[in-house]
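J.: If you scroll down you'll find the structure; I have some questions about it.
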Amino acid sequence: MPEANANPEKRFFIQLITRDIALDDAILDLIDNSVDSLVRSKDIDIYRDFIKDEHEQGDVLPEIRINCTSKTFKIEDNCGGITFENAERDVFRFGRPDPNKRMSLSVFGIGMKRAIFKIGRKIEMESHAIDSGFHMNLDVCEWMDMHTEDWRIPIERLEGAADETKAGTKIVISRLNEEISDVIKAPTFANQLFRKIQAAYPFYIGKYLNIFINEKRIPEKDLIFSQSSDHQPNIETWEDGNVKITLMCGFLPRGDDIQTQWTTEKSGWYLVCNGRVVVHANKTSLTGWGLKRILPQFMPKNRGFLGIVFFSSSNPEELPWNTTKRGINSESGVFLRTRMRMITASRPVLQFQDKMYRSKDTDDVREEYRDSVKKMDTVSATKQAAERASAKDPIPSQRYLFPQPSAHPKMSTIKYEVKEEDINRVKKGLGRSSMYNYEVGQKTFKYYMDRECS
Amino acid sequence: MSAPESSSSRVPYDLRPRKQVERRMMAHVFQFLAEAGFPISTYRYAGFGAFFFVDFILFRRILGISDMVSIERDLDYKNRVMFNRPFKDIDVKFQTSSEYISQINKDKKYILWLDYDGPIAKDDIDDLESAASNLSVGSVLIVTFDVDFDKVKDSKIREALPGKRSQEWFNRFQEQCGDFFQATWDISDFRASRVNKRTLEIAESAILSGLTMRKGISFEPVFNFIYADGHEMLTFGGIISSKEEKRKLGMVGWEELPFVRRKLDMDPFRIEVPVLTRKERLYIDSCMPCEPDWVPDPKDFEIKAEAIAAYREVYRYCPLYLIFRTIRNRFL
């Protein structure tokens, strides 16, 4: 039977799929690899170890250091390194022959290669695990021009690392692609990358490792939500196949200063896969907002809304992330079923926010609702999630609880017209001609109430 | 953006000696640039003339610039602004600076002076970014901001207790500067002595960001002044340059212009104008240029060596009206 050629082309991997990912997300992919290397070499359970208090002050954490200029990009870690055998067999393959079977951030077998091809044309990589290591020097253009069937990359065997703290990987990329060099040159780039990394690894930074950009350490930034005696967020945990899910829905913490003000920017849904934030403050139909007849569009009054979903699985392909890990595979069954619960969980929060501004209530009632969210305590969402994910017996769900207004009598408005000269006469009679018309109404009404209804 | 109701109605523009020194120093640099091959007299000067147009008068007289545009966003004083134009061919554009910058003529060379009177704000950063991406090579871009730690034009900062001012500055920068705000800055970076540096860094980043996509074009700093005629102000400026402009800049006799700052890690040039009586000044002027440690004979009058040293740097740029100031004020 005749056969059609379905062989892949190197050009496809080097020049085309690199378009589907932004530079900063590609860099996050490289960080994912370092993080995984650490989790694997130290056998870390990110949830169980997260709540253990054995991390001591002064412990030196492993590090990932990123340094970039418009000429070179360098990422270096001491997170465990890659053995020669591993490099020879797996690391440089496009895609994985078998799915990864541990709770990791490497899923698809594409991130590292796509990232380095995205960044530049000359790649040098050196890694030392405890047992062995390797060195690779790749000129991407030459490799692409070499005959297309040969996908092998020459590597050289190196010694293992002297000790655990030295086991790690270094990648240096030079001859940066022109547009990458332009992006890196922009004065905002390092700041954006800094904040993106800070927001993406709430479970890892400061706990298991430290990350530096151009020698500046990124401080940890926890995912936090609020709780007060009046307000309790909705928290539930369930399993869907091999995926364990914890959902929290409630309010952002709130304080007086600019850091803790409620803003639209911080508000929305956060989706976290194996400890990595994949979707950040989402307010689109992806998370249910503005889906016809289901939830309204996000409006400024909804700032303060906070939802977080933690997905975790030791079979990372079952998680709903897409290959850029910057979004969700929106057809994923796990995600669609979760979204139904997200929508259900968000309704009471949105109803409460409506009440804060609802015109049919009196000022007193609205004020009372608003007062109840003026000052809220902060609770660590990562810690809660870690506790729930590693609990032997499932922790029961906690339903959203918000304050009931104290009993205010039902109020009504009277409106009628009278001659202005008559009002003025009554004002005079009441002793103050400068009073407002509504005061005339209240006083004359009270006059009748006092005499006829008491 | 200039606001006639604010600063120009409070401070008579032409009576601010340090600002006047700054303008004259700039004019002196422009003369040097002209000698090095920058056709300054054919440049378009665009600035915020307000009612006084002091810079316009100076630049026309000294540099012979005839193509002049004053950007004026305040529409309430249209006639007053037009009435005060010192030359009939000054084109007054009643629009915001950002509207003006978006319409910059890419075939023209500009001296664009964004002489803001407040602390750095989001709109100003946008202006700098788009000015840097729109101005043709050879153009000069200058910007001025209020960096007065205590008296700055921002009620939240001014009204804060002195111990809380750094926090308010930090908040303001974080609110206004977006991704230009360095992720590692904390409140200690906004101490009184550091606010001007932070402002300079943001302004520089905004300009570099505007240049990111322009191949082979850089921003060559020239001015970095600090002065206070009331409020402490920062002026920062330089030249949008290709290789050719850089070559010409290499031929300028910078050593004759000690107040120029070609590198931003140098401390800014602080314009100090000591208060002198008319008689003192005439005497000191007659001894200029003096040796570095010269002071008048204390038998004549006592004056600190630092005052003389500061004056030595600026005497040739000092406006003469300085000596009339107190007299005029009394009769105002």
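In the structure tokens, the first chain shown is A, the next is B, and so on; residue numbers restart at 1 for each chain, and ligands run from 1 in the order shown.
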Near chain A, meaning an atom within 7 Å, which residues of chain B appear when counting only C-alpha atoms? Write them as a list in words.

T.: Asn171, Asp179, Phe180, Gln182, Ala183, Ser205, Leu208, Ser209, Thr212 and Met213 of chain B

J.: With a distance cut-off of 10 Å and only C-alpha atoms, select the neighbouring residues of Val309 of chain A, excluding the residue or stretch itself and same-chain residues fewer than 2 positions from it, and output the selection as a count of residues only.

T.: 23

J.: Do you have the atom CA of Tyr116 of chain B-atom CA of Ser155 of chain B distance handy?

T.: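 These atoms are spaced 16.6 Å apart.
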
J.: Would you list the contacts of Gly250 of chain A as a list in words, taking every protein, DNA or RNA residue within 10 Å and counting only C-alpha atoms, but skipping same-chain residues closer than 6 positions in sequence?

T.: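 Within the cut-off, the hits are Phe225, Ser226, Gln227, His231, Gln232, Pro233, Asn234, Ile235, Gly304, Phe305, Leu306, Gly307, Ile308, Ala345, Ser346, Pro348, Val349, Leu350, Tyr400, Leu401 and Phe402 of chain A.
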
J.: Just want the 9 Å neighbourhood of Arg214 of chain B, counted on only C-alpha atoms, with same-chain residues fewer than 4 positions away dropped. Output as a VMD selection string.

T.: chain B and resid 133 210 218
